[in-house]
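Report on the following structure.
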Amino acid sequence: MSASSIVSVMLGLILAPLLFGVINRTKAWFAGRRGQPLLQTYHDLMKLLRKGAVYSRTTTLVFRLAPAVELAAILLALAILPAGGVPAVLAFSGDIVLFIYALGLMRFFTVAAALDTGSSFEGMGASREVYFSALAEPAAFIGLAVLVRLGGGASLSVMFSGIGKAAWLAAGPALALVAVALLIVFLAENARIPVDDPNTHLELTMIHEVMILDFSGPDLALILYATSLKLWVLGALIVNLVLTLTDWTGMSRMAAFMAGMMILAVLVGIIESVMARMRLLKVPQLLIGAGALSALALILVMRSAL
Amino acid sequence: MSWFLVSLAVLLLGGVASLLLERRTSIVRFLGPTSVFCAAALGLGPVALTLTSDIPIRFTGVWSMPFGSLAFKMDALSAIFAGAILVISALSALFGAEYLRPQEGAKRIGMSWFCFNVLVASMLIVVTAQNAVLFLLAWEIMSLASFFLVMFDYEEGSVRRAGWTYLIATHIGTAFLLVMFLLLGRDVHSLDFDAFATAAGATGAGVIFFLAIIGFGTKAGFMPLHVWLPEAHPAAPSHVSALMSGVMIKTGIYGLVRILTLLGPPPAWYGWTLLCIGAASGVLGVLFALAQHDVKRLLAYHSVENIGIITIGLGVGMLGVSLGNGVMVVLGFSGAFLHVVNHAVFKSLLFLSAGSVFHATGTREMDYLGGLWKRMPLTGAAFLIGAVAICGLPPLSGFVSEFAIYLGAFFGVTDPSARLCVAGVVAVGSLALIGGLAAACFTKAFGVMFLGEGRSPHVEHAHDPGLAMRIPMMVLAALCLAIGLAGPVAINLMAPAVGLVAASWGVTLSPTLSGGTGMALWGVTTGASVILALAACVLLLRARLLSGRSVAGTVTWDCGYAATTPRMQYTSSSFAQPITRFFTFFLRTERRFTAPQGLFPDASSFSSETPDVYREHIFKPVFAALEAGLSKFRWLQHGRLNLYILYLVAALLAVLAWKMR
């Protein structure tokens with residue numbers, strides 16, 4: 001664990017809420033509006049942290065525990081995440097599994113808290129969340145398996161330092177397919193268009209937003225912050241993968257990583273501006289498509305071993 | 001070994017005494033559980049000794065059975081299973097003492113404890129027997145004892161049907177085992193396991209492997225041989241379900257591994273077979289679980305899923321042996337063995353908490369329940385811990401064993417050989433799908449039963465059970481957390497058994513993980529501790545923030561609609577509906593729907609049920625055809641004794657004539 005690893009975690013902790021600002025400004029620009037301030041999420045967080053709390057009388061301890069567990073789980077994922085060529089604070093063989101399962105723990109408690117309110121809307125959101133993520137998980141794992149094979153180790157830190165230009169020359173199409181698959185998983189897991197629309201005002205059509213309807217005050221702040229961190233860690237997988245194309249090291253790579261994260265946020269904004277949310281019945285097809293891309297990438301990679 | 005035999009004797013004495021003192025219910029109530037507890041205390045000594053010293057303990061007695069010998073051996077492999085059996089049976093017995101209390105007088109409690117003790121003793125003999133005759137005898141007693149335990153509520157037709165299904169399934173399995181042992185002993189003219197080992201690698205090993213898969217797979221619950229599980233587990237009393245699902249089905253895994261060690265170095269197709277069976281059982285098991293709304297049926301299907309995960313681990317290990325990747329061998333087998341232990345712990349925890357819910361509400365239908373956390377917080381917490389553990393989520397036990405299997409599979413992915421890479425990806429992909437669906441299934445089960453508002457009058461008077469039922473749940477929940485935090489220690493306890501299995505195929509490897517791979521499990525421990533510590537910090541932070549501020553209670557956000565009722569909540573069926581609909585090809589869920597009609601609609605109704613596809617579409621037609629075919633021979637069975645004697649004489653003469661030839 002080096003100082004630069006800790007710095008990269010700190011940067012993630014500080015910059016994650018900025019992504020929402022960038023996405024929203026991009027969308028506003030497309031719509032011809034000025035849009036909210038870039039730092040709006042920080043203002044929201046501060047405001048929420050200063051408030052009291054209102055709990056539904058239906059809820060139990062599970063509802064109170066959920067925000068804490070969610071934030072703890074995503075912080076663990078952040079600790080496993082290498083950024084910009086810097087190995088992660090916590091790196092070991094197989095940390096990929098802990099990374100994905102930490103996100104799984106986060107989801108478990110989000111869903112449990114939603115069911116705790118006894119609201120049918122939240123039940124609906126919860127049901128969709130577990131459905132889509134069950135399909136997204138194999139796509140992510142098989143995509144990561146391709147990277148593991150090319151990078152030579154089941155650790156995110158090893159993997160991204162093991163893939164270089166040579167790997168792109170040998171298996172460029174496969175890596176590109178994985179990047180696309182990871183992008184779809186990233187959009188689905190973070191409840192972005194085309195899977196879920198964070199701006200919708202109709203509870204019936206929401207997935208993520210509807211599950212957190214009953215949170216307020218500091219709890220909502222914790223969840224909002226955890227959500228922005230989730231956007232950060234899953235986005236970082238894609239940015240890290242794309243950055244393996246370059247030879248940059250040290251500070252320039254770190255800077256490129258940060259710029260890449262912002263570009264990814266712009267990309268999300270563009271996607272959200274130019275396309276509509278898919279019908280819920282079509283979403284599984286998208287996710288299975290992501291799985292198929294991962295599997296195709298794997299076949300391309302293994303062809304060289306036969 | 002003598003302590004182990006004493007433990008068996010205590011079990012049998014306790015059982016017989018319970019049977020004899022049947023009328024004295026106040027004595028039997030203590031006698032049954034106490035004898036199991038004493039036996040567990042006595043038996044755990046040799047288990048711990050074997051696991052730590054890795055020196056097998058043997059005992060050979062005299063027995064006049066042809067080809068039989070009273071040969072017991074406790075080696076590291078037996079010790080893992082025996083340890084799980086002893087711990088789980090003691091805790092289940094304690095739970096059962098209170099659970100059966102309302103039935104005293106109405107039911108034969110002494111008989112129930114007799115069967116319980118005999119079941120525990122026979123399972124212990126199964127995992128230590130060194131002779132095929134002894135093994136099969138114990139296997140058969142185990143099946144019969146559990147059959148009678150399943151039939152506890154024999155007045156109900158559904159329970160009787162479940163019991164018969166189980167009895168038939170288990171005997172078909174035993175028939176395959178009988179043939180398998182005969183084939184094993186054919187060349188060496190002995191039925192001792194030691195003798196089998198000397199003939200290892202002989203011809204016909206493939207056939208023996210196939211027979212073992214079917215025979216042991218029926219007990220373990222491989223898809224599609226699992227059909228008895230979702231029938232028998234819900235029918236049995238909950239402490240028996242915990243024992244059967246937690247440890248009895250694992251004797252199938254034990255038997256399979258034991259026979260594999262006797263067959264000599266495995267060809268690669270053994271590993272592929274196990275991997276495919278594991279992936280199929282895992283994915284389909286959890287899918288069927290998702291479609292259930294009877295909580296114990298759901299848990300029973302999850303046993304199929306977890307047997308699938310264990311088998312994936314075994315498959316990864318076997319392929320590591322066949323294709324020469326030592327790390328895969330160690331991680332696959334130690335992951336599988338640890339998952340055996342973990343599943344025993346969290347599945348019995350889940351069955352006991354489900355039993356506690358049934359005890360308090362009188363129903364197993366999740367859609368009648370809801371809001372139970374407020375009424376029975378301890379049971380709710382126990383179920384939550386079991387649910388997080390069975391989903392394989394950190395920081396609990398399920399993650400450690402699944403992590404080991406995942407890591408083994410990832411070592412396959414990085415192996416230069418494309419075949420191991422395919423194996424690794426199959427394992428990783430199916431584990432990922434199983435993990436995602438299991439999370440869906442257990443958020444559903446936990447959320448619908450314990451969270452929200454109560455859906456029917458069943459929940460009104462629910463309350464946490466007494467101490468005897470609470471303690472086992474608390475101990476098991478603590479074990480889930482302990483194994484989750486002490487992953488490296490737990491995996492290393494499996495090392496002697498892994499070494500033993502590998503050595504039986506002539507593979508020399510260091511069964512303990514070292515270097516980066518050893519550190520990986522410490523990474524898991526670090527991760528688990530980090531989650532717990534961070535969550536605690538965040539909770540403290542929030543408490544500080546909220547101190548002195550207004551914390552109000554209100555109704556759940558209802559979109560302005562003021563007349564919501566608890567029946568509007570999402571139910572287990574509606575929660576799982578998108579997934580069951582998507583996988584309808586596998587599930588064939590039956591829906592009965594009466595739509596509201598007319599301008600002033602009358603009552604309408606909807607119900608759904610997912611019967612077992614294999615039972616309905618494979619086994620039922622086959623057995624129906626069998627019955628139709630065999631009923632042609634009914635005229636032979638007319639009930640006239642004199643003619644039966646004639647058959648006997650004719651048969652004897654025929655044999656005589658054949659021998660004289």
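Lettering and numbering for the structure tokens are positional, with chains as A, B, ... in the shown order, residues counted from 1 in each chain, and ligands counted from 1 in the shown order.
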
What residues in stretch 1-157 of chain A get the DSSP label strand (DSSP E)? Please answer as a PyMOL selection string.
chain A and resi 53-56

What does the file look like for those residues with C-alpha atoms, as a CSV table (one decimal), in the first residue's frame?
chain,number,residue,atom,x,y,z
A,53,ALA,CA,-34.9,12.3,9.7
A,54,VAL,CA,-38.4,10.9,9.1
A,55,TYR,CA,-38.9,7.2,9.1
A,56,SER,CA,-41.9,5.2,8.1

Excluding B:Ile390 and residues on its chain fewer than 6 positions from it, collect all residues at most 9 Å away from it, counting only C-alpha atoms, and give them as a PyMOL selection string.
chain B and resi 302+306+342-343+346-347+396-399+438-439+442

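Rounded to one decimal, atom CA of B:Thr128 and atom CA of B:Lys73 lie 5.2 Å from each other.
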
Could you give me, as a ChimeraX atom specification, each residue of stretch 393-560 of chain B that DSSP assigns to alpha helix (DSSP H) when run on this structure's backbone?
/B:397-414,418-450,467-485,487-493,495-504,515-546

Hey, what's within 12 Å of B:Phe619 if we count only C-alpha atoms and toss same-chain stuff fewer than 6 positions away? As a ChimeraX atom specification, please?
/B:165,168-169,224-228,612-613,625-627

May I have the selected residues written with N, CA and C atoms, as a JSON list (two decimals), in the first residue's frame?
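What landed in result-v5.json:
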[["chain", "number", "residue", "atom", "x", "y", "z"],
["B", 165, "THR", "N", -42.50, -40.60, -1.96],
["B", 165, "THR", "CA", -41.57, -40.14, -3.01],
["B", 165, "THR", "C", -40.14, -40.31, -2.54],
["B", 168, "ILE", "N", -39.05, -44.05, -2.32],
["B", 168, "ILE", "CA", -38.79, -44.66, -3.63],
["B", 168, "ILE", "C", -37.49, -44.10, -4.22],
["B", 169, "ALA", "N", -37.34, -42.77, -4.14],
["B", 169, "ALA", "CA", -36.14, -42.15, -4.72],
["B", 169, "ALA", "C", -34.88, -42.70, -4.07],
["B", 224, "PRO", "N", -31.34, -33.98, -12.49],
["B", 224, "PRO", "CA", -32.75, -34.00, -12.15],
["B", 224, "PRO", "C", -33.13, -35.10, -11.16],
["B", 225, "LEU", "N", -32.16, -35.54, -10.32],
["B", 225, "LEU", "CA", -32.48, -36.61, -9.37],
["B", 225, "LEU", "C", -32.98, -36.04, -8.05],
["B", 226, "HIS", "N", -33.23, -34.74, -8.04],
["B", 226, "HIS", "CA", -33.52, -34.03, -6.80],
["B", 226, "HIS", "C", -34.98, -34.12, -6.41],
["B", 227, "VAL", "N", -35.83, -34.79, -7.20],
["B", 227, "VAL", "CA", -37.28, -34.60, -7.06],
["B", 227, "VAL", "C", -37.80, -34.84, -5.66],
["B", 228, "TRP", "N", -37.10, -35.67, -4.86],
["B", 228, "TRP", "CA", -37.64, -35.94, -3.51],
["B", 228, "TRP", "C", -37.40, -34.77, -2.56],
["B", 612, "ASP", "N", -42.58, -29.26, -9.82],
["B", 612, "ASP", "CA", -41.28, -29.64, -10.35],
["B", 612, "ASP", "C", -41.43, -30.20, -11.76],
["B", 613, "VAL", "N", -40.74, -29.56, -12.71],
["B", 613, "VAL", "CA", -40.88, -29.97, -14.11],
["B", 613, "VAL", "C", -40.45, -31.41, -14.31],
["B", 625, "ALA", "N", -45.89, -45.40, -16.91],
["B", 625, "ALA", "CA", -45.71, -46.43, -17.93],
["B", 625, "ALA", "C", -45.24, -47.73, -17.28],
["B", 626, "LEU", "N", -44.37, -47.59, -16.30],
["B", 626, "LEU", "CA", -43.86, -48.77, -15.59],
["B", 626, "LEU", "C", -45.00, -49.51, -14.91],
["B", 627, "GLU", "N", -45.87, -48.73, -14.28],
["B", 627, "GLU", "CA", -46.98, -49.35, -13.56],
["B", 627, "GLU", "C", -47.91, -50.05, -14.54]]
